[in-house]
$ cat entry-v2.cif   # mmCIF, C-alpha atoms and all ligand atoms
data_entry
loop_
_atom_site.label_atom_id
_atom_site.label_comp_id
_atom_site.auth_asym_id
_atom_site.auth_seq_id
_atom_site.Cartn_x
_atom_site.Cartn_y
_atom_site.Cartn_z
CA MET D 615 -35.50 96.36 82.51
CA LYS D 616 -36.40 98.11 85.75
CA ASP D 617 -37.97 101.51 86.19
CA LEU D 618 -35.36 103.79 87.71
CA ARG D 619 -38.27 105.81 89.13
CA SER D 620 -39.30 102.76 91.18
CA LEU D 621 -36.11 102.77 93.21
CA THR D 622 -35.56 104.31 96.61
CA LEU D 623 -32.33 106.17 97.36
CA GLU D 624 -31.19 103.12 99.34
CA GLU D 625 -31.81 100.83 96.40
CA ILE D 626 -29.90 103.11 94.04
CA THR D 627 -27.07 103.22 96.58
CA GLU D 628 -26.99 99.41 96.63
CA TYR D 629 -26.91 99.34 92.86
CA MET D 630 -24.03 101.83 92.68
CA LYS D 631 -22.05 99.59 95.01
CA THR D 632 -22.55 96.60 92.73
CA ILE D 633 -21.10 98.51 89.79
CA GLY D 634 -18.27 100.01 91.82
CA GLU D 635 -19.51 103.60 91.80
CA LYS D 636 -19.25 105.90 94.79
CA GLY D 637 -22.18 106.54 97.14
CA PHE D 638 -22.62 110.19 96.18
CA ARG D 639 -23.46 109.10 92.64
CA ALA D 640 -26.61 107.49 93.99
CA LYS D 641 -27.64 110.77 95.54
CA GLN D 642 -27.03 112.61 92.30
CA VAL D 643 -29.09 110.13 90.31
CA TYR D 644 -31.91 110.18 92.84
CA GLU D 645 -31.98 113.98 92.72
CA TRP D 646 -32.37 113.92 88.94
CA VAL D 647 -35.10 111.32 89.15
CA SER D 648 -36.89 113.42 91.77
CA LYS D 649 -36.72 116.45 89.51
CA GLY D 650 -38.64 114.43 86.97
CA VAL D 651 -36.09 114.47 84.16
CA SER D 652 -37.14 112.23 81.31
CA SER D 653 -33.78 111.61 79.68
CA PHE D 654 -30.58 110.17 81.13
CA ASP D 655 -28.67 112.73 79.07
CA ASP D 656 -30.13 115.47 81.28
CA MET D 657 -28.17 114.07 84.24
CA THR D 658 -25.35 116.46 83.45
CA ASN D 659 -23.15 115.86 86.48
CA LEU D 660 -22.66 112.14 85.74
CA SER D 661 -19.91 110.65 83.67
CA GLN D 662 -20.80 109.56 80.15
CA SER D 663 -19.94 105.96 80.98
CA LEU D 664 -22.30 105.93 83.95
CA ILE D 665 -25.05 107.45 81.81
CA GLU D 666 -24.53 104.71 79.21
CA GLN D 667 -24.63 102.02 81.89
CA LEU D 668 -27.87 103.41 83.34
CA LYS D 669 -29.40 103.53 79.87
CA ARG D 670 -28.60 99.86 79.37
CA GLU D 671 -30.15 98.77 82.64
CA PHE D 672 -33.00 101.11 83.45
CA ARG D 673 -36.04 102.72 82.00
CA LEU D 674 -36.58 106.39 82.87
CA ASP D 675 -39.27 108.03 80.73
CA ASN D 676 -41.98 105.49 81.56
CA PHE D 677 -45.13 107.47 80.77
CA LYS D 678 -45.10 109.10 77.35
CA ILE D 679 -48.00 111.42 76.76
CA ILE D 680 -49.63 110.57 73.44
CA GLN D 681 -52.80 112.60 73.68
CA THR D 682 -53.92 115.63 75.69
CA LEU D 683 -57.50 116.73 76.19
CA LYS D 684 -58.46 120.01 77.82
CA SER D 685 -61.79 120.55 79.47
CA GLU D 686 -63.71 123.81 79.53
CA ASP D 687 -63.15 123.89 83.29
CA GLY D 688 -59.36 123.71 82.86
CA THR D 689 -59.01 120.04 83.71
CA ILE D 690 -56.46 118.25 81.55
CA LYS D 691 -56.64 114.55 80.76
CA VAL D 692 -53.67 112.81 79.24
CA LEU D 693 -53.33 109.40 77.68
CA GLY D 694 -49.91 108.01 78.35
CA ALA D 695 -48.13 105.08 76.76
CA LEU D 696 -46.17 102.71 78.96
CA TRP D 697 -43.04 100.91 77.69
CA ASP D 698 -45.11 97.92 76.51
CA GLU D 699 -47.56 100.17 74.64
CA ASN D 700 -50.32 99.76 77.15
CA ILE D 701 -52.17 103.00 77.73
CA VAL D 702 -53.37 104.56 80.96
CA GLU D 703 -55.01 107.88 81.67
CA SER D 704 -54.23 110.55 84.23
CA VAL D 705 -55.94 113.82 85.04
CA PHE D 706 -54.63 117.22 86.16
CA MET D 707 -57.06 119.44 88.05
CA THR D 708 -56.69 122.93 89.43
CA TYR D 709 -58.45 123.85 92.65
CA LYS D 710 -58.24 126.91 94.85
CA HIS D 711 -56.01 125.01 97.26
CA GLY D 712 -53.58 123.79 94.61
CA ASN D 713 -53.08 121.32 91.83
CA SER D 714 -54.32 117.77 92.06
CA VAL D 715 -53.60 114.81 89.88
CA CYS D 716 -55.59 111.65 89.56
CA VAL D 717 -53.35 108.71 88.74
CA SER D 718 -53.99 105.17 87.59
CA THR D 719 -52.59 102.16 89.44
CA GLN D 720 -53.41 99.38 86.97
CA VAL D 721 -54.01 99.01 83.26
CA GLY D 722 -57.73 98.29 83.43
CA CYS D 723 -59.32 96.85 86.54
CA LYS D 724 -60.81 93.52 87.53
CA MET D 725 -63.35 94.67 90.09
CA LYS D 726 -66.29 94.80 87.65
CA CYS D 727 -68.26 97.65 89.23
CA THR D 728 -71.14 98.04 86.81
CA PHE D 729 -71.04 101.84 86.60
CA CYS D 730 -67.31 102.22 85.88
CA ALA D 731 -65.54 102.39 82.51
CA SER D 732 -62.13 101.34 83.83
CA THR D 733 -63.19 97.75 84.36
CA LEU D 734 -64.86 97.03 81.02
CA GLY D 735 -61.92 95.09 79.59
CA GLY D 736 -60.71 93.51 82.83
CA VAL D 737 -57.23 94.07 84.20
CA ILE D 738 -54.21 93.83 81.93
CA ARG D 739 -51.42 94.43 84.40
CA ASN D 740 -50.30 96.27 87.50
CA LEU D 741 -48.36 99.49 87.23
CA THR D 742 -45.01 99.73 88.98
CA ALA D 743 -44.47 102.36 91.66
CA GLY D 744 -42.30 104.19 89.13
CA GLU D 745 -45.07 104.18 86.55
CA ILE D 746 -47.48 105.68 89.05
CA LEU D 747 -44.90 108.36 89.89
CA GLY D 748 -44.18 108.81 86.18
CA GLN D 749 -47.71 110.11 85.66
CA ILE D 750 -47.05 112.91 88.15
CA TYR D 751 -43.71 113.82 86.59
CA ALA D 752 -45.22 113.84 83.11
CA LEU D 753 -48.02 116.18 84.21
CA GLN D 754 -45.64 118.46 86.10
CA ASN D 755 -43.35 118.66 83.09
CA MET D 756 -46.22 119.32 80.74
CA THR D 757 -47.91 122.04 82.79
CA GLY D 758 -44.81 123.51 84.40
CA GLU D 759 -46.73 123.42 87.68
CA ARG D 760 -46.06 121.57 90.87
CA VAL D 761 -48.50 118.92 91.98
CA ASN D 762 -49.78 119.37 95.54
CA ASN D 763 -52.35 116.59 95.90
CA VAL D 764 -52.60 113.13 94.49
CA VAL D 765 -55.66 110.95 94.30
CA LEU D 766 -55.26 107.26 93.50
CA MET D 767 -58.56 107.30 91.67
CA GLY D 768 -57.63 106.63 88.09
CA SER D 769 -58.09 103.23 86.54
CA GLY D 770 -57.34 100.24 88.70
CA GLU D 771 -57.86 99.13 92.25
CA PRO D 772 -54.85 100.36 94.23
CA LEU D 773 -55.22 97.73 96.95
CA ASP D 774 -55.21 94.99 94.29
CA ASN D 775 -51.70 96.29 93.49
CA TYR D 776 -50.75 96.66 97.12
CA ASP D 777 -46.96 96.49 97.12
CA GLU D 778 -46.37 98.90 94.25
CA THR D 779 -49.00 101.31 95.57
CA LEU D 780 -47.37 101.32 98.98
CA LYS D 781 -43.96 101.84 97.46
CA PHE D 782 -45.37 104.72 95.43
CA ILE D 783 -46.63 106.34 98.63
CA LYS D 784 -43.23 105.91 100.28
CA LEU D 785 -41.37 107.33 97.27
CA SER D 786 -43.67 110.28 96.71
CA THR D 787 -43.61 111.31 100.36
CA ASP D 788 -39.84 110.99 100.66
CA GLU D 789 -38.34 114.34 101.70
CA LYS D 790 -35.57 113.95 99.19
CA GLY D 791 -38.01 112.87 96.51
CA LEU D 792 -41.24 114.56 95.44
CA ASN D 793 -41.78 115.40 99.10
CA LEU D 794 -45.56 115.31 99.10
CA SER D 795 -47.19 115.22 102.49
CA GLY D 796 -48.98 111.98 103.36
CA ARG D 797 -52.10 113.99 104.00
CA SER D 798 -52.14 115.16 100.43
CA ILE D 799 -52.51 111.63 99.09
CA THR D 800 -55.92 109.95 98.88
CA LEU D 801 -56.18 106.23 98.25
CA SER D 802 -59.56 105.08 97.03
CA THR D 803 -60.72 101.47 97.21
CA CYS D 804 -63.87 99.56 96.35
CA GLY D 805 -63.46 97.70 99.65
CA LEU D 806 -60.65 95.15 99.89
CA ALA D 807 -61.03 94.67 103.63
CA THR D 808 -57.96 92.47 104.14
CA GLU D 809 -55.70 95.05 102.52
CA ILE D 810 -57.40 97.91 104.37
CA ARG D 811 -56.38 96.23 107.63
CA LYS D 812 -52.86 95.71 106.33
CA LEU D 813 -52.69 99.37 105.28
CA ALA D 814 -53.94 100.44 108.72
CA ASP D 815 -50.95 98.71 110.28
CA GLU D 816 -48.64 100.92 108.21
CA ARG D 817 -50.03 103.89 110.14
CA LEU D 818 -49.65 106.27 107.22
CA GLN D 819 -51.11 109.76 107.24
CA ILE D 820 -52.83 109.35 103.89
CA THR D 821 -56.58 109.71 103.42
CA LEU D 822 -58.47 106.50 102.81
CA ALA D 823 -61.56 106.74 100.63
CA ILE D 824 -64.10 103.95 100.40
CA SER D 825 -66.23 103.64 97.27
CA LEU D 826 -69.45 102.54 98.91
CA HIS D 827 -72.26 103.44 96.51
CA ASN D 828 -74.88 101.34 98.27
CA PRO D 829 -75.39 100.69 102.00
CA ILE D 830 -77.68 97.70 101.46
CA GLU D 831 -75.82 94.43 101.09
CA ASP D 832 -77.84 92.56 98.45
CA GLU D 833 -78.15 95.71 96.36
CA ARG D 834 -74.45 96.54 96.61
CA ILE D 835 -73.62 93.07 95.32
CA GLN D 836 -75.54 93.90 92.14
CA ILE D 837 -73.37 96.90 91.30
CA MET D 838 -70.13 96.02 93.12
CA PRO D 839 -69.25 92.31 92.97
CA ILE D 840 -66.42 92.78 95.52
CA THR D 841 -69.23 92.70 98.12
CA LYS D 842 -69.41 88.91 97.64
CA LYS D 843 -65.87 88.58 98.90
CA HIS D 844 -66.00 91.23 101.59
CA ASN D 845 -69.49 91.88 102.85
CA LEU D 846 -70.47 95.19 104.38
CA SER D 847 -69.83 94.20 107.96
CA ASP D 848 -66.34 92.95 107.04
CA LEU D 849 -65.71 96.20 105.17
CA MET D 850 -67.00 98.39 107.99
CA SER D 851 -64.96 96.56 110.60
CA SER D 852 -61.82 97.08 108.50
CA VAL D 853 -62.66 100.79 108.28
CA ASP D 854 -63.12 100.96 112.07
CA TYR D 855 -59.74 99.31 112.44
CA TYR D 856 -58.20 101.83 110.02
CA ILE D 857 -59.59 104.76 111.99
CA GLU D 858 -58.46 103.25 115.27
CA LYS D 859 -54.91 102.65 114.04
CA THR D 860 -54.35 105.91 112.15
CA GLY D 861 -56.70 108.41 113.80
CA ARG D 862 -57.52 109.62 110.29
CA ARG D 863 -60.96 110.54 109.05
CA VAL D 864 -62.14 108.21 106.30
CA THR D 865 -64.02 109.44 103.23
CA PHE D 866 -67.01 107.54 101.86
CA GLU D 867 -67.70 108.05 98.18
CA TYR D 868 -71.25 107.64 97.00
CA ALA D 869 -72.11 108.05 93.31
CA LEU D 870 -75.80 108.83 93.08
CA ILE D 871 -77.48 106.90 90.28
CA ASP D 872 -81.01 107.84 89.34
CA GLY D 873 -83.47 105.24 90.61
CA VAL D 874 -80.75 102.85 91.74
CA ASN D 875 -79.29 104.05 95.05
CA ASP D 876 -80.72 107.52 95.61
CA THR D 877 -83.95 106.92 97.55
CA GLU D 878 -84.86 107.96 101.08
CA ARG D 879 -84.42 104.31 102.10
CA HIS D 880 -80.81 104.39 100.90
CA ALA D 881 -80.08 107.68 102.63
CA GLN D 882 -81.45 106.28 105.90
CA ALA D 883 -79.46 103.05 105.58
CA LEU D 884 -76.29 104.96 104.76
CA GLY D 885 -76.83 107.27 107.71
CA ALA D 886 -77.35 104.33 110.04
CA LEU D 887 -74.24 102.57 108.72
CA LEU D 888 -71.95 105.56 109.26
CA LYS D 889 -73.50 107.35 112.22
CA GLY D 890 -71.03 108.39 114.91
CA LYS D 891 -67.95 107.36 112.97
CA LEU D 892 -65.00 109.59 112.05
CA VAL D 893 -66.04 109.87 108.42
CA HIS D 894 -66.84 112.30 105.66
CA VAL D 895 -69.36 111.55 102.91
CA ASN D 896 -68.73 112.66 99.37
CA LEU D 897 -71.79 112.54 97.13
CA ILE D 898 -71.09 112.41 93.40
CA PRO D 899 -73.74 112.60 90.68
CA VAL D 900 -72.83 109.50 88.66
CA ASN D 901 -70.93 110.26 85.47
CA ALA D 902 -72.05 108.95 82.12
CA VAL D 903 -70.29 105.92 80.71
CA VAL D 904 -71.44 105.07 77.19
CA GLU D 905 -71.64 101.32 77.81
CA ASN D 906 -74.20 101.57 80.61
CA ASN D 907 -77.46 103.39 81.04
CA PHE D 908 -76.94 104.94 84.43
CA MET D 909 -78.15 108.50 84.81
CA PRO D 910 -77.22 110.96 87.54
CA SER D 911 -79.81 111.78 90.18
CA SER D 912 -81.49 115.18 89.96
CA ASN D 913 -80.14 118.07 92.04
CA ASN D 914 -83.29 117.89 94.08
CA LYS D 915 -82.71 114.26 94.96
CA ILE D 916 -79.05 114.91 95.73
CA ASN D 917 -79.90 117.75 98.08
CA GLY D 918 -82.58 115.68 99.80
CA PHE D 919 -80.13 112.81 100.25
CA LYS D 920 -77.55 115.18 101.67
CA ARG D 921 -80.05 116.68 104.09
CA VAL D 922 -80.94 113.29 105.58
CA LEU D 923 -77.27 112.52 106.19
CA MET D 924 -76.50 115.93 107.66
CA ASP D 925 -79.63 116.73 109.62
CA LYS D 926 -80.66 113.35 110.90
CA TYR D 927 -77.31 111.56 111.18
CA ARG D 928 -74.99 114.53 111.73
CA LEU D 929 -72.64 113.31 109.04
CA ASN D 930 -70.22 115.67 107.41
CA THR D 931 -71.41 115.56 103.78
CA THR D 932 -70.35 117.35 100.62
CA VAL D 933 -71.40 117.13 97.00
CA ARG D 934 -68.36 116.76 94.82
CA ARG D 935 -67.98 119.22 92.00
CA GLU D 936 -67.18 117.04 89.04
CA LEU D 937 -64.40 118.25 86.80
CA GLY D 938 -63.64 117.21 83.27
CA SER D 939 -66.76 115.24 82.42
CA ASP D 940 -66.90 116.85 78.96
CA ILE D 941 -63.65 115.08 78.08
CA ASN D 942 -64.49 111.81 79.87
CA ALA D 943 -61.98 112.66 82.58
CA ALA D 944 -64.34 112.44 85.53
CA CYS D 945 -64.65 109.62 88.08
CA GLY D 946 -65.35 106.29 86.50
CA GLN D 947 -64.68 107.50 82.98
CA LEU D 948 -61.02 106.59 82.66
CA ARG D 949 -60.00 103.65 80.54
CA ASN D 950 -57.01 102.09 78.85
CA GLN D 951 -57.79 102.87 75.26
CA HIS D 952 -58.98 105.58 72.93
CA LEU D 953 -62.74 105.80 72.98
N1 LIG L 1001 -60.82 101.13 92.41
C1 LIG L 1001 -60.78 102.26 93.27
C2 LIG L 1001 -60.20 103.44 92.59
C3 LIG L 1001 -61.04 104.00 91.46
S1 LIG L 1001 -61.52 105.51 92.04
C4 LIG L 1001 -62.16 102.52 93.85
O1 LIG L 1001 -63.08 101.82 93.46
O2 LIG L 1001 -62.30 103.35 94.72
C5 LIG L 1001 -62.74 106.00 91.06
C6 LIG L 1001 -63.89 106.50 91.88
O3 LIG L 1001 -64.90 106.83 90.94
C7 LIG L 1001 -64.48 105.43 92.76
O4 LIG L 1001 -65.09 105.98 93.89
C8 LIG L 1001 -65.53 104.85 91.85
O5 LIG L 1001 -66.48 104.12 92.55
C9 LIG L 1001 -66.07 106.12 91.25
N2 LIG L 1001 -66.80 105.88 90.01
C10 LIG L 1001 -66.70 104.86 89.17
N3 LIG L 1001 -67.53 105.01 88.13
C11 LIG L 1001 -68.16 106.18 88.33
C12 LIG L 1001 -69.13 106.90 87.59
N4 LIG L 1001 -69.60 106.44 86.42
N5 LIG L 1001 -69.55 108.07 88.11
C13 LIG L 1001 -69.06 108.54 89.26
N6 LIG L 1001 -68.15 107.93 89.99
C14 LIG L 1001 -67.71 106.74 89.54
#
$ encode --input "entry-v2.cif" --output "structure tokens" --more "lines below"
Ligand code: SAH
Amino acid sequence: MKDLRSLTLEEITEYMKTIGEKGFRAKQVYEWVSKGVSSFDDMTNLSQSLIEQLKREFRLDNFKIIQTLKSEDGTIKVLGALWDENIVESVFMTYKHGNSVCVSTQVGCKMKCTFCASTLGGVIRNLTAGEILGQIYALQNMTGERVNNVVLMGSGEPLDNYDETLKFIKLSTDEKGLNLSGRSITLSTCGLATEIRKLADERLQITLAISLHNPIEDERIQIMPITKKHNLSDLMSSVDYYIEKTGRRVTFEYALIDGVNDTERHAQALGALLKGKLVHVNLIPVNAVVENNFMPSSNNKINGFKRVLMDKYRLNTTVRRELGSDINAACGQLRNQHL
């Protein structure tokens, strides 16, 4: 069975042709899907026979919330079941400038970053574009609020699920669909340079975020094995290419881990690596994951690190306010099972 939410209007139109239905039916169905309805029976302007046919061939409600956790800061984390009973997590956050959701792109992850909970059990499968969208619909339906920003920062490596991620971006930015602006979508990657170049050629307006976490090659390998496949110079050249093709500022994420990557030497190396580029640095005190012993750097260290980047290297640098860590909803804490 296919996810109806994975289909573009054109694909639904094609389908309607094959079953002898008129073109305007496709538009009606696509409008319902875009409203986020979770039952075919809610598509009240369709004939009963068409509804029955759709039910036989497509899946609609593809992310069923089975648990909801609310943080003291208002962040909501949901566990959602997919049709095959796999579980992924998504997070709803409220900021001054609107509502953001953090969605997963894979069940688990195979990238093996040592500080991240999402990768502990490896990857189980890719999500479809419709399942990524389904997380947004489920959160909108639950909260009654519209989502303004989406970060592809849940479990999974979006560029390891390239085609479905790209289709998700196309569907969610479609004017007749969710109609998000490209700029309100952030795609975060641990550094798949080949796919970064491919993405650059799409010339999308989305924000690319690179999870860097260490500017020194042989140290980055220790915490992020992807560095063996794409070394830092390969990664940086793909980022340069991305900036050149899209004109978009790229974000570098840097989780500060006490005693691991937070020294003056690291700040200097990071500054030297990024100096003069169209980038923004986001410093994040590392979040606790029970299976590893990493501790966040002290505020003092974080501020010192920030000062080197800003004062010496003139890099635009912010410290990310972490939301939802009391419910394991913060960066690197999402997983595909109950804890
Ligand atoms: N695979 C993608 C998407 C995951 S995004 C990527 O690597 O970018 C999740 C973000 O949280 C990434 O920047 C990741 O490096 C970061 N992260 C992972 N574990 C973390 C932790 N324990 N504390 C803080 N950030 C973490």
$ closest_atom_pairs --input "entry-v2.cif" --of "chain D" --to "ligand LIG 1001 (chain L)" --cutoff "9 Å" --atoms "only C-alpha atoms and all ligand atoms" --output "JSON lines"
{"residue": "D:Cys716", "atom": "CA", "partner": "L:LIG1001", "partner_atom": "S1", "distance": 8.9}
{"residue": "D:Ser718", "atom": "CA", "partner": "L:LIG1001", "partner_atom": "C3", "distance": 8.1}
{"residue": "D:Thr719", "atom": "CA", "partner": "L:LIG1001", "partner_atom": "C2", "distance": 8.3}
{"residue": "D:Cys723", "atom": "CA", "partner": "L:LIG1001", "partner_atom": "N1", "distance": 7.4}
{"residue": "D:Met725", "atom": "CA", "partner": "L:LIG1001", "partner_atom": "N1", "distance": 7.3}
{"residue": "D:Cys727", "atom": "CA", "partner": "L:LIG1001", "partner_atom": "C10", "distance": 7.4}
{"residue": "D:Thr728", "atom": "CA", "partner": "L:LIG1001", "partner_atom": "N3", "distance": 8.0}
{"residue": "D:Phe729", "atom": "CA", "partner": "L:LIG1001", "partner_atom": "N4", "distance": 4.8}
{"residue": "D:Cys730", "atom": "CA", "partner": "L:LIG1001", "partner_atom": "N3", "distance": 3.6}
{"residue": "D:Ala731", "atom": "CA", "partner": "L:LIG1001", "partner_atom": "N3", "distance": 6.5}
{"residue": "D:Ser732", "atom": "CA", "partner": "L:LIG1001", "partner_atom": "N3", "distance": 7.8}
{"residue": "D:Val765", "atom": "CA", "partner": "L:LIG1001", "partner_atom": "S1", "distance": 8.3}
{"residue": "D:Leu766", "atom": "CA", "partner": "L:LIG1001", "partner_atom": "C2", "distance": 6.3}
{"residue": "D:Met767", "atom": "CA", "partner": "L:LIG1001", "partner_atom": "S1", "distance": 3.5}
{"residue": "D:Gly768", "atom": "CA", "partner": "L:LIG1001", "partner_atom": "C3", "distance": 5.5}
{"residue": "D:Ser769", "atom": "CA", "partner": "L:LIG1001", "partner_atom": "C3", "distance": 5.8}
{"residue": "D:Gly770", "atom": "CA", "partner": "L:LIG1001", "partner_atom": "N1", "distance": 5.2}
{"residue": "D:Glu771", "atom": "CA", "partner": "L:LIG1001", "partner_atom": "N1", "distance": 3.6}
{"residue": "D:Pro772", "atom": "CA", "partner": "L:LIG1001", "partner_atom": "N1", "distance": 6.3}
{"residue": "D:Leu773", "atom": "CA", "partner": "L:LIG1001", "partner_atom": "N1", "distance": 8.0}
{"residue": "D:Asp774", "atom": "CA", "partner": "L:LIG1001", "partner_atom": "N1", "distance": 8.5}
{"residue": "D:Leu801", "atom": "CA", "partner": "L:LIG1001", "partner_atom": "C2", "distance": 7.5}
{"residue": "D:Ser802", "atom": "CA", "partner": "L:LIG1001", "partner_atom": "O2", "distance": 4.0}
{"residue": "D:Thr803", "atom": "CA", "partner": "L:LIG1001", "partner_atom": "O2", "distance": 3.5}
{"residue": "D:Cys804", "atom": "CA", "partner": "L:LIG1001", "partner_atom": "O1", "distance": 3.8}
{"residue": "D:Gly805", "atom": "CA", "partner": "L:LIG1001", "partner_atom": "O1", "distance": 7.4}
{"residue": "D:Ala823", "atom": "CA", "partner": "L:LIG1001", "partner_atom": "O2", "distance": 6.9}
{"residue": "D:Ile824", "atom": "CA", "partner": "L:LIG1001", "partner_atom": "O2", "distance": 6.0}
{"residue": "D:Ser825", "atom": "CA", "partner": "L:LIG1001", "partner_atom": "O4", "distance": 4.3}
{"residue": "D:Leu826", "atom": "CA", "partner": "L:LIG1001", "partner_atom": "O5", "distance": 7.2}
{"residue": "D:His827", "atom": "CA", "partner": "L:LIG1001", "partner_atom": "O5", "distance": 7.0}
{"residue": "D:Met838", "atom": "CA", "partner": "L:LIG1001", "partner_atom": "O5", "distance": 8.9}
{"residue": "D:Phe866", "atom": "CA", "partner": "L:LIG1001", "partner_atom": "O4", "distance": 8.3}
{"residue": "D:Glu867", "atom": "CA", "partner": "L:LIG1001", "partner_atom": "O4", "distance": 5.4}
{"residue": "D:Tyr868", "atom": "CA", "partner": "L:LIG1001", "partner_atom": "O4", "distance": 7.1}
{"residue": "D:Ala869", "atom": "CA", "partner": "L:LIG1001", "partner_atom": "C13", "distance": 5.1}
{"residue": "D:Leu870", "atom": "CA", "partner": "L:LIG1001", "partner_atom": "C13", "distance": 7.8}
{"residue": "D:Ile871", "atom": "CA", "partner": "L:LIG1001", "partner_atom": "N5", "distance": 8.3}
{"residue": "D:Ile898", "atom": "CA", "partner": "L:LIG1001", "partner_atom": "C13", "distance": 6.0}
{"residue": "D:Pro899", "atom": "CA", "partner": "L:LIG1001", "partner_atom": "C13", "distance": 6.4}
{"residue": "D:Val900", "atom": "CA", "partner": "L:LIG1001", "partner_atom": "N5", "distance": 3.6}
{"residue": "D:Asn901", "atom": "CA", "partner": "L:LIG1001", "partner_atom": "N5", "distance": 3.7}
{"residue": "D:Ala902", "atom": "CA", "partner": "L:LIG1001", "partner_atom": "N4", "distance": 5.5}
{"residue": "D:Val903", "atom": "CA", "partner": "L:LIG1001", "partner_atom": "N4", "distance": 5.8}
{"residue": "D:Asn906", "atom": "CA", "partner": "L:LIG1001", "partner_atom": "N4", "distance": 8.9}
{"residue": "D:Phe908", "atom": "CA", "partner": "L:LIG1001", "partner_atom": "N4", "distance": 7.8}
{"residue": "D:Met909", "atom": "CA", "partner": "L:LIG1001", "partner_atom": "N4", "distance": 8.9}
{"residue": "D:Pro910", "atom": "CA", "partner": "L:LIG1001", "partner_atom": "N5", "distance": 8.2}
{"residue": "D:Glu936", "atom": "CA", "partner": "L:LIG1001", "partner_atom": "C13", "distance": 8.7}
{"residue": "D:Ala944", "atom": "CA", "partner": "L:LIG1001", "partner_atom": "C13", "distance": 7.2}
{"residue": "D:Cys945", "atom": "CA", "partner": "L:LIG1001", "partner_atom": "O3", "distance": 4.0}
{"residue": "D:Gly946", "atom": "CA", "partner": "L:LIG1001", "partner_atom": "N3", "distance": 3.0}
{"residue": "D:Gln947", "atom": "CA", "partner": "L:LIG1001", "partner_atom": "N4", "distance": 6.1}
{"residue": "D:Leu948", "atom": "CA", "partner": "L:LIG1001", "partner_atom": "C5", "distance": 8.6}
$ write_last_selection --input "entry-v2.cif" --atoms "C-alpha atoms" --output "compact mmCIF listing (two decimals), keeping the file's coordinate frame"
# COMPACT_ATOMS: atom_id res chain seq x y z
CA CYS D 716 -55.59 111.65 89.56
CA SER D 718 -53.99 105.17 87.59
CA THR D 719 -52.59 102.16 89.44
CA CYS D 723 -59.32 96.85 86.54
CA MET D 725 -63.35 94.67 90.09
CA CYS D 727 -68.26 97.65 89.23
CA THR D 728 -71.14 98.04 86.81
CA PHE D 729 -71.04 101.84 86.60
CA CYS D 730 -67.31 102.22 85.88
CA ALA D 731 -65.54 102.39 82.51
CA SER D 732 -62.13 101.34 83.83
CA VAL D 765 -55.66 110.95 94.30
CA LEU D 766 -55.26 107.26 93.50
CA MET D 767 -58.56 107.30 91.67
CA GLY D 768 -57.63 106.63 88.09
CA SER D 769 -58.09 103.23 86.54
CA GLY D 770 -57.34 100.24 88.70
CA GLU D 771 -57.86 99.13 92.25
CA PRO D 772 -54.85 100.36 94.23
CA LEU D 773 -55.22 97.73 96.95
CA ASP D 774 -55.21 94.99 94.29
CA LEU D 801 -56.18 106.23 98.25
CA SER D 802 -59.56 105.08 97.03
CA THR D 803 -60.72 101.47 97.21
CA CYS D 804 -63.87 99.56 96.35
CA GLY D 805 -63.46 97.70 99.65
CA ALA D 823 -61.56 106.74 100.63
CA ILE D 824 -64.10 103.95 100.40
CA SER D 825 -66.23 103.64 97.27
CA LEU D 826 -69.45 102.54 98.91
CA HIS D 827 -72.26 103.44 96.51
CA MET D 838 -70.13 96.02 93.12
CA PHE D 866 -67.01 107.54 101.86
CA GLU D 867 -67.70 108.05 98.18
CA TYR D 868 -71.25 107.64 97.00
CA ALA D 869 -72.11 108.05 93.31
CA LEU D 870 -75.80 108.83 93.08
CA ILE D 871 -77.48 106.90 90.28
CA ILE D 898 -71.09 112.41 93.40
CA PRO D 899 -73.74 112.60 90.68
CA VAL D 900 -72.83 109.50 88.66
CA ASN D 901 -70.93 110.26 85.47
CA ALA D 902 -72.05 108.95 82.12
CA VAL D 903 -70.29 105.92 80.71
CA ASN D 906 -74.20 101.57 80.61
CA PHE D 908 -76.94 104.94 84.43
CA MET D 909 -78.15 108.50 84.81
CA PRO D 910 -77.22 110.96 87.54
CA GLU D 936 -67.18 117.04 89.04
CA ALA D 944 -64.34 112.44 85.53
CA CYS D 945 -64.65 109.62 88.08
CA GLY D 946 -65.35 106.29 86.50
CA GLN D 947 -64.68 107.50 82.98
CA LEU D 948 -61.02 106.59 82.66
$ atom_distance --input "entry-v2.cif" --atom1 "atom CA of D:Gly634" --atom2 "atom CA of D:Gly748"
27.9 Å
$ closest_atom_pairs --input "entry-v2.cif" --of "stretch 646-719 of chain D" --to "stretch 622-631 of chain D" --cutoff "12 Å" --atoms "only C-alpha atoms" --output "JSON lines"
{"residue": "D:Trp646", "atom": "CA", "partner": "D:Leu623", "partner_atom": "CA", "distance": 11.4}
{"residue": "D:Val647", "atom": "CA", "partner": "D:Leu623", "partner_atom": "CA", "distance": 10.1}
{"residue": "D:Ser648", "atom": "CA", "partner": "D:Leu623", "partner_atom": "CA", "distance": 10.2}
{"residue": "D:Leu664", "atom": "CA", "partner": "D:Met630", "partner_atom": "CA", "distance": 9.8}
{"residue": "D:Gln667", "atom": "CA", "partner": "D:Met630", "partner_atom": "CA", "distance": 10.8}
{"residue": "D:Leu668", "atom": "CA", "partner": "D:Met630", "partner_atom": "CA", "distance": 10.2}
{"residue": "D:Glu671", "atom": "CA", "partner": "D:Tyr629", "partner_atom": "CA", "distance": 10.7}
{"residue": "D:Phe672", "atom": "CA", "partner": "D:Ile626", "partner_atom": "CA", "distance": 11.2}
$ residues_around --input "entry-v2.cif" --residues "D:Val764" --least-positions-apart "2" --cutoff "7 Å" --atoms "all atoms listed in the file" --output "PyMOL selection string"
chain D and resi 714-716+762+766+798-800
